[in-house]
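Okay, upload-v5.txt now, which holds compact mmCIF, C-alpha atoms:
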# COMPACT_ATOMS: atom_id res chain seq x y z
CA MET C 240 0.00 0.00 0.00
CA LYS C 241 1.17 3.49 -0.88
CA THR C 242 1.80 5.66 2.17
CA LEU C 243 -0.69 8.47 2.48
CA SER C 244 0.43 12.06 1.90
CA SER C 245 -0.22 14.50 4.75
CA LEU C 246 -3.22 15.82 2.85
CA GLU C 247 -4.71 12.38 2.23
CA ALA C 248 -4.07 11.43 5.86
CA LEU C 249 -5.84 14.59 7.03
CA ILE C 250 -8.87 13.95 4.80
CA GLU C 251 -9.03 10.38 6.06
CA ALA C 252 -8.67 11.46 9.71
CA LEU C 253 -11.43 14.09 9.43
CA ARG C 254 -13.89 11.29 8.74
CA CYS C 255 -13.89 10.35 12.43
CA LEU C 256 -16.14 13.38 12.96
CA PRO C 257 -19.83 12.48 13.13
CA GLY C 258 -21.72 13.24 9.91
CA VAL C 259 -18.56 13.89 7.89
CA GLY C 260 -18.27 11.82 4.69
CA PRO C 261 -15.50 11.79 2.06
CA LYS C 262 -16.75 14.92 0.28
CA SER C 263 -17.09 17.06 3.42
CA ALA C 264 -13.76 15.80 4.71
CA GLN C 265 -12.07 16.92 1.51
CA ARG C 266 -13.79 20.31 1.63
CA MET C 267 -12.81 20.76 5.29
CA ALA C 268 -9.16 19.85 4.67
CA TYR C 269 -8.82 22.27 1.76
CA HIS C 270 -10.62 24.98 3.68
CA LEU C 271 -8.33 24.67 6.69
CA LEU C 272 -5.10 24.58 4.66
CA GLN C 273 -6.14 27.54 2.58
CA HIS C 274 -7.99 29.81 4.95
CA ASP C 275 -7.33 28.82 8.55
CA ARG C 276 -4.01 27.19 9.29
CA ALA C 277 -3.94 28.79 12.74
CA GLY C 278 -7.34 27.29 13.51
CA ALA C 279 -6.15 23.90 12.27
CA SER C 280 -3.10 23.98 14.55
CA ARG C 281 -5.24 25.02 17.49
CA LEU C 282 -7.71 22.23 16.76
CA GLY C 283 -4.87 19.70 16.48
CA ALA C 284 -3.47 20.70 19.87
CA SER C 285 -6.92 20.82 21.50
CA LEU C 286 -7.73 17.31 20.33
CA GLU C 287 -4.53 15.84 21.68
CA GLN C 288 -4.92 17.72 24.97
CA ALA C 289 -8.55 16.71 25.41
CA VAL C 290 -7.81 13.04 24.74
CA ALA C 291 -4.92 13.13 27.20
CA ASN C 292 -6.64 15.07 30.00
CA ILE C 293 -10.31 14.20 29.99
CA GLN C 294 -11.46 11.20 31.99
CA HIS C 295 -14.69 10.33 33.79
CA CYS C 296 -15.61 11.82 37.18
CA GLU C 297 -15.39 8.97 39.65
CA LYS C 298 -18.62 10.00 41.36
CA CYS C 299 -20.98 10.81 38.48
CA ASN C 300 -19.20 9.51 35.32
CA ASN C 301 -19.38 12.92 33.62
CA PHE C 302 -16.30 14.04 31.68
CA SER C 303 -13.77 15.67 33.96
CA GLU C 304 -10.11 16.60 34.11
CA ALA C 305 -9.97 16.09 37.88
CA GLN C 306 -11.04 12.98 39.84
CA LEU C 307 -14.23 14.79 40.80
CA CYS C 308 -15.95 16.93 38.16
CA GLU C 309 -16.78 20.59 38.75
CA LEU C 310 -20.41 19.81 39.49
CA CYS C 311 -19.72 17.06 42.02
CA SER C 312 -17.10 19.13 43.81
CA SER C 313 -19.18 22.32 43.84
CA THR C 314 -20.63 23.43 47.18
CA ARG C 315 -23.40 25.35 45.46
CA ARG C 316 -25.36 22.39 44.10
CA ASP C 317 -28.40 20.86 45.80
CA THR C 318 -27.25 17.44 47.06
CA SER C 319 -30.82 16.25 47.74
CA VAL C 320 -31.68 15.68 44.06
CA LEU C 321 -29.92 13.37 41.62
CA CYS C 322 -30.62 13.52 37.90
CA VAL C 323 -29.87 10.35 35.90
CA VAL C 324 -28.92 10.82 32.23
CA GLU C 325 -27.53 8.47 29.58
CA MET C 326 -24.52 10.40 28.29
CA PRO C 327 -22.11 13.19 29.31
CA GLY C 328 -23.51 15.34 26.49
CA ASP C 329 -26.90 15.18 28.20
CA VAL C 330 -25.43 16.84 31.31
CA ALA C 331 -24.19 19.69 29.12
CA MET C 332 -27.63 20.11 27.54
CA MET C 333 -29.30 20.07 30.95
CA GLU C 334 -26.90 22.66 32.34
CA GLN C 335 -27.50 24.89 29.35
CA ALA C 336 -31.24 24.73 30.06
CA GLN C 337 -30.50 26.26 33.50
CA ALA C 338 -33.48 24.64 35.20
CA TYR C 339 -31.70 22.30 37.59
CA ARG C 340 -29.35 22.88 40.49
CA GLY C 341 -28.84 19.33 41.79
CA LEU C 342 -26.28 16.66 40.99
CA TYR C 343 -26.07 14.15 38.15
CA PHE C 344 -25.34 10.53 37.49
CA VAL C 345 -24.32 9.54 33.96
CA LEU C 346 -25.17 5.94 33.05
CA LEU C 347 -22.80 5.90 30.04
CA GLY C 348 -25.35 3.75 28.29
CA ARG C 349 -28.87 2.43 28.42
CA LEU C 350 -30.49 -0.96 28.83
CA SER C 351 -30.67 -2.67 25.47
CA PRO C 352 -31.35 -6.40 25.85
CA LEU C 353 -31.21 -6.97 22.09
CA ASP C 354 -27.60 -5.76 22.08
CA GLY C 355 -26.80 -7.76 25.19
CA ILE C 356 -26.67 -4.70 27.44
CA GLY C 357 -28.29 -5.52 30.74
CA PRO C 358 -28.19 -3.93 34.22
CA LYS C 359 -24.69 -5.25 34.86
CA GLU C 360 -23.16 -3.87 31.67
CA ILE C 361 -24.13 -0.30 32.55
CA ASN C 362 -23.26 -0.72 36.21
CA LEU C 363 -26.61 0.08 37.72
CA ASP C 364 -25.27 -1.10 41.08
CA ARG C 365 -23.06 1.98 41.16
CA LEU C 366 -26.11 4.21 40.68
CA VAL C 367 -27.98 2.45 43.50
CA LYS C 368 -24.98 2.89 45.78
CA ARG C 369 -24.65 6.52 44.73
CA ALA C 370 -28.36 7.21 45.38
CA ALA C 371 -28.13 5.55 48.82
CA ASP C 372 -25.68 8.18 50.13
CA GLY C 373 -28.23 9.39 52.71
CA LEU C 374 -28.38 12.88 51.19
CA THR C 375 -30.38 12.07 48.05
CA LYS C 376 -34.13 12.54 48.51
CA GLU C 377 -35.29 12.46 44.90
CA VAL C 378 -33.96 10.77 41.77
CA ILE C 379 -35.04 12.42 38.51
CA LEU C 380 -34.91 10.05 35.53
CA ALA C 381 -33.84 11.98 32.46
CA THR C 382 -32.99 9.17 30.05
CA ASN C 383 -34.12 9.67 26.45
CA PHE C 384 -37.69 9.01 25.36
CA THR C 385 -36.56 6.24 23.03
CA VAL C 386 -37.55 2.60 23.50
CA GLU C 387 -34.26 1.86 25.29
CA GLY C 388 -34.33 5.06 27.34
CA GLU C 389 -37.89 4.37 28.46
CA ALA C 390 -37.06 0.77 29.37
CA THR C 391 -34.07 2.00 31.37
CA ALA C 392 -36.20 4.56 33.20
CA HIS C 393 -38.83 1.92 33.97
CA TYR C 394 -36.25 -0.49 35.35
CA LEU C 395 -34.54 2.21 37.41
CA ALA C 396 -37.86 3.44 38.80
CA GLU C 397 -38.70 -0.03 40.14
CA MET C 398 -35.24 -0.54 41.56
CA LEU C 399 -35.03 2.83 43.29
CA THR C 400 -38.58 3.04 44.67
CA ALA C 401 -38.01 -0.43 46.20
CA ARG C 402 -35.24 1.28 48.19
CA GLY C 403 -37.61 3.95 49.47
CA LEU C 404 -36.43 6.80 47.23
CA LYS C 405 -38.73 9.30 45.57
CA VAL C 406 -38.38 8.80 41.81
CA THR C 407 -39.63 11.19 39.12
CA ARG C 408 -39.42 11.31 35.33
CA ILE C 409 -38.94 14.47 33.25
CA ALA C 410 -42.07 15.56 31.38
CA ARG C 411 -42.92 14.55 27.85
CA GLY C 412 -45.13 16.67 25.63
CA LEU C 413 -45.12 19.39 23.02
CA PRO C 414 -41.90 21.41 22.70
CA VAL C 415 -41.90 25.07 23.70
CA GLY C 416 -43.29 27.01 20.76
CA GLY C 417 -44.67 23.76 19.34
CA GLU C 418 -47.84 23.78 17.25
CA LEU C 419 -50.35 20.93 17.23
CA GLU C 420 -50.31 21.02 13.45
CA HIS C 421 -46.64 20.11 13.25
CA VAL C 422 -46.14 17.66 16.09
CA ASP C 423 -46.17 13.88 15.54
CA SER C 424 -49.27 12.04 16.73
CA GLY C 425 -47.38 9.94 19.30
CA THR C 426 -46.22 13.06 21.12
CA LEU C 427 -49.68 14.61 20.86
CA ALA C 428 -51.32 11.48 22.25
CA GLN C 429 -48.87 11.39 25.19
CA SER C 430 -49.35 15.07 25.95
CA MET C 431 -53.10 14.40 26.11
CA ILE C 432 -52.70 11.35 28.38
CA GLU C 433 -50.24 13.15 30.65
CA ARG C 434 -52.21 16.42 30.78
CA ARG C 435 -52.08 18.29 34.08
CA SER C 436 -54.53 20.50 35.90
CA VAL C 437 -53.90 24.24 35.75
CA MET N 550 -11.36 35.63 32.05
CA LYS N 551 -11.60 32.06 33.25
CA THR N 552 -9.24 29.69 31.45
CA LEU N 553 -11.04 27.20 29.25
CA SER N 554 -11.17 23.54 30.27
CA SER N 555 -9.80 21.05 27.72
CA LEU N 556 -13.37 20.22 26.74
CA GLU N 557 -14.40 23.86 26.27
CA ALA N 558 -11.19 24.52 24.31
CA LEU N 559 -11.91 21.55 22.04
CA ILE N 560 -15.49 22.68 21.38
CA GLU N 561 -14.23 26.18 20.60
CA ALA N 562 -11.46 24.85 18.34
CA LEU N 563 -13.83 22.61 16.35
CA ARG N 564 -15.64 25.72 15.18
CA CYS N 565 -12.81 26.46 12.72
CA LEU N 566 -14.31 23.71 10.53
CA PRO N 567 -16.56 25.06 7.78
CA GLY N 568 -20.25 24.70 8.54
CA VAL N 569 -19.71 23.79 12.20
CA GLY N 570 -21.59 25.97 14.69
CA PRO N 571 -21.66 25.79 18.50
CA LYS N 572 -24.21 22.94 18.62
CA SER N 573 -22.40 20.70 16.11
CA ALA N 574 -19.05 21.46 17.74
CA GLN N 575 -20.41 20.31 21.11
CA ARG N 576 -21.87 17.16 19.58
CA MET N 577 -18.62 16.39 17.79
CA ALA N 578 -16.50 16.86 20.93
CA TYR N 579 -18.71 14.59 23.02
CA HIS N 580 -18.85 12.01 20.25
CA LEU N 581 -15.07 11.88 19.91
CA LEU N 582 -14.39 11.67 23.65
CA GLN N 583 -16.96 8.98 24.13
CA HIS N 584 -16.76 6.85 21.04
CA ASP N 585 -13.57 7.54 19.13
CA ARG N 586 -10.60 8.71 21.16
CA ALA N 587 -8.21 6.93 18.79
CA GLY N 588 -9.74 8.82 15.86
CA ALA N 589 -9.43 12.09 17.76
CA SER N 590 -5.72 11.49 18.45
CA ARG N 591 -5.14 10.58 14.83
CA LEU N 592 -6.99 13.70 13.67
CA GLY N 593 -4.99 15.86 16.06
CA ALA N 594 -1.70 14.52 14.75
CA SER N 595 -2.82 14.73 11.10
CA LEU N 596 -3.79 18.37 11.49
CA GLU N 597 -0.47 19.35 12.99
CA GLN N 598 1.44 17.37 10.39
CA ALA N 599 -0.54 18.78 7.47
CA VAL N 600 -0.08 22.36 8.65
CA ALA N 601 3.65 21.78 9.10
CA ASN N 602 4.29 19.91 5.84
CA ILE N 603 1.95 21.21 3.20
CA GLN N 604 3.01 24.22 1.16
CA HIS N 605 2.28 25.37 -2.39
CA CYS N 606 3.97 23.80 -5.44
CA GLU N 607 6.28 26.45 -6.82
CA LYS N 608 5.26 25.72 -10.39
CA CYS N 609 1.46 25.37 -10.22
CA ASN N 610 0.50 26.64 -6.70
CA ASN N 611 -1.28 23.39 -5.85
CA PHE N 612 -0.80 22.01 -2.33
CA SER N 613 2.36 19.95 -2.09
CA GLU N 614 4.80 18.58 0.45
CA ALA N 615 7.72 18.85 -1.98
CA GLN N 616 8.83 21.93 -3.95
CA LEU N 617 7.18 20.47 -7.04
CA CYS N 618 3.83 18.72 -6.63
CA GLU N 619 3.25 15.15 -7.82
CA LEU N 620 1.45 16.33 -10.94
CA CYS N 621 4.12 18.82 -12.02
CA SER N 622 6.93 16.34 -11.41
CA SER N 623 5.16 13.42 -13.12
CA THR N 624 6.50 12.31 -16.49
CA ARG N 625 3.15 10.84 -17.45
CA ARG N 626 1.21 14.10 -17.82
CA ASP N 627 0.62 15.85 -21.12
CA THR N 628 2.74 19.03 -20.97
CA SER N 629 1.02 20.60 -23.97
CA VAL N 630 -2.18 21.52 -22.10
CA LEU N 631 -2.50 23.72 -19.04
CA CYS N 632 -5.73 23.89 -17.04
CA VAL N 633 -6.30 27.04 -14.97
CA VAL N 634 -8.41 26.70 -11.81
CA GLU N 635 -9.14 28.99 -8.89
CA MET N 636 -8.31 26.81 -5.89
CA PRO N 637 -6.31 23.69 -4.94
CA GLY N 638 -9.58 21.90 -4.17
CA ASP N 639 -10.57 22.37 -7.82
CA VAL N 640 -7.52 20.37 -8.92
CA ALA N 641 -8.65 17.51 -6.68
CA MET N 642 -12.16 17.61 -8.15
CA MET N 643 -10.77 17.65 -11.69
CA GLU N 644 -8.47 14.71 -10.99
CA GLN N 645 -11.36 12.75 -9.51
CA ALA N 646 -13.30 13.32 -12.74
CA GLN N 647 -10.46 11.51 -14.59
CA ALA N 648 -11.02 13.38 -17.85
CA TYR N 649 -7.80 15.35 -18.04
CA ARG N 650 -4.17 14.30 -18.30
CA GLY N 651 -2.42 17.67 -18.65
CA LEU N 652 -0.95 20.07 -16.10
CA TYR N 653 -2.58 22.68 -13.88
CA PHE N 654 -2.13 26.24 -12.72
CA VAL N 655 -3.91 27.29 -9.53
CA LEU N 656 -4.70 31.02 -9.37
CA LEU N 657 -5.30 30.95 -5.60
CA GLY N 658 -8.05 33.48 -6.15
CA ARG N 659 -10.15 35.23 -8.76
CA LEU N 660 -10.50 38.75 -10.07
CA SER N 661 -12.87 40.66 -7.83
CA PRO N 662 -12.59 44.41 -8.41
CA LEU N 663 -15.18 45.18 -5.71
CA ASP N 664 -12.91 43.55 -3.12
CA GLY N 665 -9.85 45.27 -4.55
CA ILE N 666 -8.51 42.08 -6.13
CA GLY N 667 -7.06 42.90 -9.54
CA PRO N 668 -4.65 41.09 -11.89
CA LYS N 669 -1.69 41.96 -9.68
CA GLU N 670 -3.17 40.60 -6.48
CA ILE N 671 -3.61 37.11 -7.95
CA ASN N 672 -0.28 37.19 -9.78
CA LEU N 673 -1.51 36.73 -13.31
CA ASP N 674 2.00 37.55 -14.53
CA ARG N 675 3.13 34.24 -13.13
CA LEU N 676 0.48 32.42 -15.14
CA VAL N 677 1.53 34.22 -18.34
CA LYS N 678 5.14 33.29 -17.73
CA ARG N 679 4.12 29.70 -16.93
CA ALA N 680 2.06 29.43 -20.14
CA ALA N 681 4.94 30.82 -22.21
CA ASP N 682 7.21 27.85 -21.44
CA GLY N 683 7.24 26.81 -25.10
CA LEU N 684 5.59 23.44 -24.35
CA THR N 685 2.07 24.70 -23.66
CA LYS N 686 -0.15 24.65 -26.76
CA GLU N 687 -3.57 25.08 -25.16
CA VAL N 688 -4.77 26.78 -21.99
CA ILE N 689 -8.09 25.47 -20.63
CA LEU N 690 -9.89 27.98 -18.41
CA ALA N 691 -11.69 26.11 -15.64
CA THR N 692 -12.53 28.94 -13.25
CA ASN N 693 -15.99 28.79 -11.66
CA PHE N 694 -19.10 29.94 -13.51
CA THR N 695 -19.70 32.68 -10.97
CA VAL N 696 -19.57 36.38 -11.81
CA GLU N 697 -15.95 36.63 -10.57
CA GLY N 698 -14.91 33.34 -12.18
CA GLU N 699 -16.39 34.38 -15.51
CA ALA N 700 -14.71 37.78 -15.35
CA THR N 701 -11.39 36.10 -14.57
CA ALA N 702 -11.80 33.71 -17.51
CA HIS N 703 -12.66 36.59 -19.82
CA TYR N 704 -9.62 38.60 -18.74
CA LEU N 705 -7.30 35.59 -19.02
CA ALA N 706 -8.66 34.70 -22.47
CA GLU N 707 -7.81 38.15 -23.81
CA MET N 708 -4.38 38.16 -22.20
CA LEU N 709 -3.39 34.69 -23.39
CA THR N 710 -4.78 34.83 -26.95
CA ALA N 711 -2.84 38.09 -27.39
CA ARG N 712 0.25 35.97 -26.79
CA GLY N 713 -0.73 33.52 -29.52
CA LEU N 714 -1.92 30.69 -27.29
CA LYS N 715 -5.00 28.60 -27.97
CA VAL N 716 -7.45 29.27 -25.15
CA THR N 717 -10.56 27.21 -24.36
CA ARG N 718 -13.22 27.28 -21.65
CA ILE N 719 -14.82 24.20 -20.04
CA ALA N 720 -18.41 23.62 -21.15
CA ARG N 721 -21.46 24.92 -19.38
CA GLY N 722 -24.82 23.20 -19.62
CA LEU N 723 -27.09 20.68 -17.97
CA PRO N 724 -25.44 18.31 -15.48
CA VAL N 725 -25.15 14.62 -16.33
CA GLY N 726 -28.50 13.03 -15.50
CA GLY N 727 -30.06 16.50 -15.39
CA GLU N 728 -33.70 17.01 -16.30
CA LEU N 729 -35.03 20.14 -17.99
CA GLU N 730 -37.80 20.28 -15.42
CA HIS N 731 -35.37 20.74 -12.54
CA VAL N 732 -32.65 22.95 -13.97
CA ASP N 733 -32.58 26.73 -13.45
CA SER N 734 -33.53 28.86 -16.43
CA GLY N 735 -30.12 30.54 -16.67
CA THR N 736 -28.40 27.19 -17.21
CA LEU N 737 -31.10 26.09 -19.62
CA ALA N 738 -30.75 29.31 -21.65
CA GLN N 739 -26.97 28.91 -21.80
CA SER N 740 -27.19 25.28 -22.85
CA MET N 741 -29.47 26.40 -25.69
CA ILE N 742 -27.14 29.22 -26.78
CA GLU N 743 -24.08 26.99 -26.58
CA ARG N 744 -25.68 23.98 -28.30
CA ARG N 745 -23.45 21.90 -30.52
CA SER N 746 -24.03 19.87 -33.65
CA VAL N 747 -24.21 16.10 -33.26

Take the structure in the file and write it out as structure tokens.
Amino acid sequence: MKTLSSLEALIEALRCLPGVGPKSAQRMAYHLLQHDRAGASRLGASLEQAVANIQHCEKCNNFSEAQLCELCSSTRRDTSVLCVVEMPGDVAMMEQAQAYRGLYFVLLGRLSPLDGIGPKEINLDRLVKRAADGLTKEVILATNFTVEGEATAHYLAEMLTARGLKVTRIARGLPVGGELEHVDSGTLAQSMIERRSV
Amino acid sequence: MKTLSSLEALIEALRCLPGVGPKSAQRMAYHLLQHDRAGASRLGASLEQAVANIQHCEKCNNFSEAQLCELCSSTRRDTSVLCVVEMPGDVAMMEQAQAYRGLYFVLLGRLSPLDGIGPKEINLDRLVKRAADGLTKEVILATNFTVEGEATAHYLAEMLTARGLKVTRIARGLPVGGELEHVDSGTLAQSMIERRSV
């Protein structure tokens, strides 16, 4: 096999980015070399630094450079609520929504029996232990509203209520600004079933 | 100002990629850290290597790691035709089309009087000197069919024919597989005006 030139290697390497195919990778490589070499260098260094420095918080599994992430080590968070999400990116989304001041637990996965992912594979024991710290009063389940996310929430709800914890699930319904005309019928049906008194 | 964490720095750095806004950058960073750390390392190294190694070919301006690019130093290219394009990416596209076996000259720009870019700014003298090497019989103008690309082609045609060279322009018309129903009227009008006998 011919060794790749730096340009070919760059185009090939860019394809690790989600949603980037051969055409976009080529366009990106040419763009960077022609218009933003400084940005390319900065991106190169950032990638290597991030891979080297970022690990998982040992308490909540979120990405962190220290043993404990910023949220877990903060004294300004409400330690009586614990929000369970599937992925580190979900913590970021939740924080950006600015509607929650408690702590998190990141599952780093979801139950998916068809793929052989059961309670053991995603370490649900660790969550149970974490929730039994004596401080946690309420566990908010914020897994996705996909089949797997729902199954995970259902399983967790049973497991945690059995241990005397208050368990809640984030609301499902129309998005803010959503119009009945444009929403799918599954969401509309659920928002009717889960209607609340005003 | 607070110093950025490795994760924040990575998200910020990813925004140098064309078409990547804050949301995509965040998604990409989380994806890489979670699912493809090896790919991220490889991309980091490729970026730094490409920026360090890739310069412009001193004969045709295309990207190259050596003083002369692979095309200019090849003995298997037809030295009697010279294809003029705007950008290095255009050479790659042309090579992928596999319909040309001659040499290239990359303008690294286009005439754009409104932006103060005249013949001097894009070094048209160098092209004239390159085309006057005694070997070149035909210059094919393959600048874009934009207003600036067309103006550049027009200017180059006058300049090069005045020096006794044969100058041609790549064809404009319906794309391969194109249907009259879906093509814009400007293209349709041009393909009518520039019709050829069969």

* Neighbours of Ala601 (chain N) within 10 Å (all atoms listed in the file; same-chain residues fewer than 6 positions away dropped), as a PyMOL selection string? -> (chain C and resi 245+276+280) or (chain N and resi 595+614)

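Closest approach to Leu737 (chain N) from the set N:Leu563, N:Leu723, N:Ala594, N:Ala599 is made by N:Leu723, with distances taken over all atoms listed in the file.
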
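Distance check against chain N using only C-alpha atoms: of C:Ser430, C:Ser263, C:Ser312, C:Ser319, the minimum falls on C:Ser263.
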
* Asked: Distance CA of Leu631 (chain N)-CA of Ala680 (chain N), one decimal place?
  -> 7.4 Å

* Can you pull out every residue within 7 Å of region 324-330 of chain C, counting all atoms listed in the file, but drop anything in the same chain fewer than 3 positions away, and send it as number ranges by chain? => C: 301-302, 333-334, 344-349, 380-382; N: 579

* To do: Using all atoms listed in the file, pick whichever of C:Val320, C:Val437, C:Met267, C:Val259 has the shortest atom-to-atom distance to chain N.
  =>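 With all atoms listed in the file as the atom set, the closest residue is C:Met267.
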
* Could you pull the residues within 12 Å of Gln739 (chain N), counting only C-alpha atoms, minus those fewer than 6 positions along the same chain, as a list in words? -> Phe694, Ala720, Arg721, Gly722, Leu723, Val732, Asp733 and Arg745 of chain N

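Atom to atom, CA of Cys565 (chain N) and CA of Leu272 (chain C) stand 11.3 Å apart.
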
* If you count all atoms listed in the file, which residues fall within 12 Å of Asp585 (chain N), apart from same-chain ones fewer than 2 positions away, as a list in words? ->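 Neighbouring residues, sequence-local ones excluded: Ala252, Leu253, Arg254, Cys255, Leu256, Pro257, Leu286 and Val290 of chain C; Met577, Ala578, Tyr579, His580, Leu581, Leu582, Gln583, Ala587, Gly588, Ala589, Ser590, Arg591 and Leu592 of chain N.
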
Would you mind exporting the chosen residues as a CSV table (one decimal), in the coordinates of the input, restricted to C-alpha atoms?
chain,number,residue,atom,x,y,z
C,252,ALA,CA,-8.7,11.5,9.7
C,253,LEU,CA,-11.4,14.1,9.4
C,254,ARG,CA,-13.9,11.3,8.7
C,255,CYS,CA,-13.9,10.4,12.4
C,256,LEU,CA,-16.1,13.4,13.0
C,257,PRO,CA,-19.8,12.5,13.1
C,286,LEU,CA,-7.7,17.3,20.3
C,290,VAL,CA,-7.8,13.0,24.7
N,577,MET,CA,-18.6,16.4,17.8
N,578,ALA,CA,-16.5,16.9,20.9
N,579,TYR,CA,-18.7,14.6,23.0
N,580,HIS,CA,-18.8,12.0,20.2
N,581,LEU,CA,-15.1,11.9,19.9
N,582,LEU,CA,-14.4,11.7,23.6
N,583,GLN,CA,-17.0,9.0,24.1
N,587,ALA,CA,-8.2,6.9,18.8
N,588,GLY,CA,-9.7,8.8,15.9
N,589,ALA,CA,-9.4,12.1,17.8
N,590,SER,CA,-5.7,11.5,18.4
N,591,ARG,CA,-5.1,10.6,14.8
N,592,LEU,CA,-7.0,13.7,13.7

* Asked: Interatomic distance between CA of Glu597 (chain N) and CA of Gly283 (chain C)?
  ->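 Computed distance, CA of Glu597 (chain N) to CA of Gly283 (chain C), equals 5.6 Å.
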
* Counting all atoms listed in the file, what is within 6 Å of Val406 (chain C), bar same-chain residues fewer than 5 positions away, as a ChimeraX atom specification? -> /C:377-379

Please produce region 276-282 of chain C, completed to all heavy atoms, as a PDB file, in the coordinates of the input.
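See rebuild08.pdb below for the written result:
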ATOM      1  N   ARG C 276      -5.044  28.070   8.776  1.00  0.00           N
ATOM      2  CA  ARG C 276      -4.010  27.190   9.290  1.00  0.00           C
ATOM      3  C   ARG C 276      -3.837  27.342  10.804  1.00  0.00           C
ATOM      4  O   ARG C 276      -3.559  26.392  11.510  1.00  0.00           O
ATOM      5  CB  ARG C 276      -2.678  27.469   8.592  1.00  0.00           C
ATOM      6  CG  ARG C 276      -2.638  26.839   7.205  1.00  0.00           C
ATOM      7  CD  ARG C 276      -1.354  27.115   6.465  1.00  0.00           C
ATOM      8  NE  ARG C 276      -1.393  26.488   5.164  1.00  0.00           N
ATOM      9  CZ  ARG C 276      -0.548  25.534   4.743  1.00  0.00           C
ATOM     10  NH1 ARG C 276       0.446  25.154   5.516  1.00  0.00           N
ATOM     11  NH2 ARG C 276      -0.669  25.001   3.564  1.00  0.00           N
ATOM     12  N   ALA C 277      -4.047  28.573  11.289  1.00  0.00           N
ATOM     13  CA  ALA C 277      -3.940  28.790  12.740  1.00  0.00           C
ATOM     14  C   ALA C 277      -5.015  27.994  13.458  1.00  0.00           C
ATOM     15  O   ALA C 277      -4.751  27.336  14.466  1.00  0.00           O
ATOM     16  CB  ALA C 277      -4.074  30.276  13.057  1.00  0.00           C
ATOM     17  N   GLY C 278      -6.238  28.041  12.913  1.00  0.00           N
ATOM     18  CA  GLY C 278      -7.340  27.290  13.510  1.00  0.00           C
ATOM     19  C   GLY C 278      -7.054  25.791  13.485  1.00  0.00           C
ATOM     20  O   GLY C 278      -7.358  25.081  14.438  1.00  0.00           O
ATOM     21  N   ALA C 279      -6.460  25.323  12.394  1.00  0.00           N
ATOM     22  CA  ALA C 279      -6.150  23.900  12.270  1.00  0.00           C
ATOM     23  C   ALA C 279      -5.127  23.467  13.319  1.00  0.00           C
ATOM     24  O   ALA C 279      -5.267  22.419  13.945  1.00  0.00           O
ATOM     25  CB  ALA C 279      -5.637  23.591  10.872  1.00  0.00           C
ATOM     26  N   SER C 280      -4.107  24.299  13.526  1.00  0.00           N
ATOM     27  CA  SER C 280      -3.100  23.980  14.550  1.00  0.00           C
ATOM     28  C   SER C 280      -3.745  23.934  15.923  1.00  0.00           C
ATOM     29  O   SER C 280      -3.483  23.041  16.726  1.00  0.00           O
ATOM     30  CB  SER C 280      -2.013  25.064  14.599  1.00  0.00           C
ATOM     31  OG  SER C 280      -1.288  25.062  13.418  1.00  0.00           O
ATOM     32  N   ARG C 281      -4.590  24.945  16.184  1.00  0.00           N
ATOM     33  CA  ARG C 281      -5.240  25.020  17.490  1.00  0.00           C
ATOM     34  C   ARG C 281      -6.120  23.789  17.697  1.00  0.00           C
ATOM     35  O   ARG C 281      -6.108  23.178  18.764  1.00  0.00           O
ATOM     36  CB  ARG C 281      -6.082  26.304  17.537  1.00  0.00           C
ATOM     37  CG  ARG C 281      -6.363  26.810  18.917  1.00  0.00           C
ATOM     38  CD  ARG C 281      -6.746  28.291  18.908  1.00  0.00           C
ATOM     39  NE  ARG C 281      -7.747  28.564  17.899  1.00  0.00           N
ATOM     40  CZ  ARG C 281      -7.624  29.463  16.922  1.00  0.00           C
ATOM     41  NH1 ARG C 281      -6.552  30.210  16.832  1.00  0.00           N
ATOM     42  NH2 ARG C 281      -8.583  29.646  16.035  1.00  0.00           N
ATOM     43  N   LEU C 282      -6.857  23.403  16.654  1.00  0.00           N
ATOM     44  CA  LEU C 282      -7.710  22.230  16.760  1.00  0.00           C
ATOM     45  C   LEU C 282      -6.886  20.967  17.003  1.00  0.00           C
ATOM     46  O   LEU C 282      -7.242  20.130  17.838  1.00  0.00           O
ATOM     47  CB  LEU C 282      -8.553  22.076  15.487  1.00  0.00           C
ATOM     48  CG  LEU C 282      -9.448  20.831  15.391  1.00  0.00           C
ATOM     49  CD1 LEU C 282     -10.374  20.726  16.598  1.00  0.00           C
ATOM     50  CD2 LEU C 282     -10.270  20.862  14.112  1.00  0.00           C
TER      51      LEU C 282
END
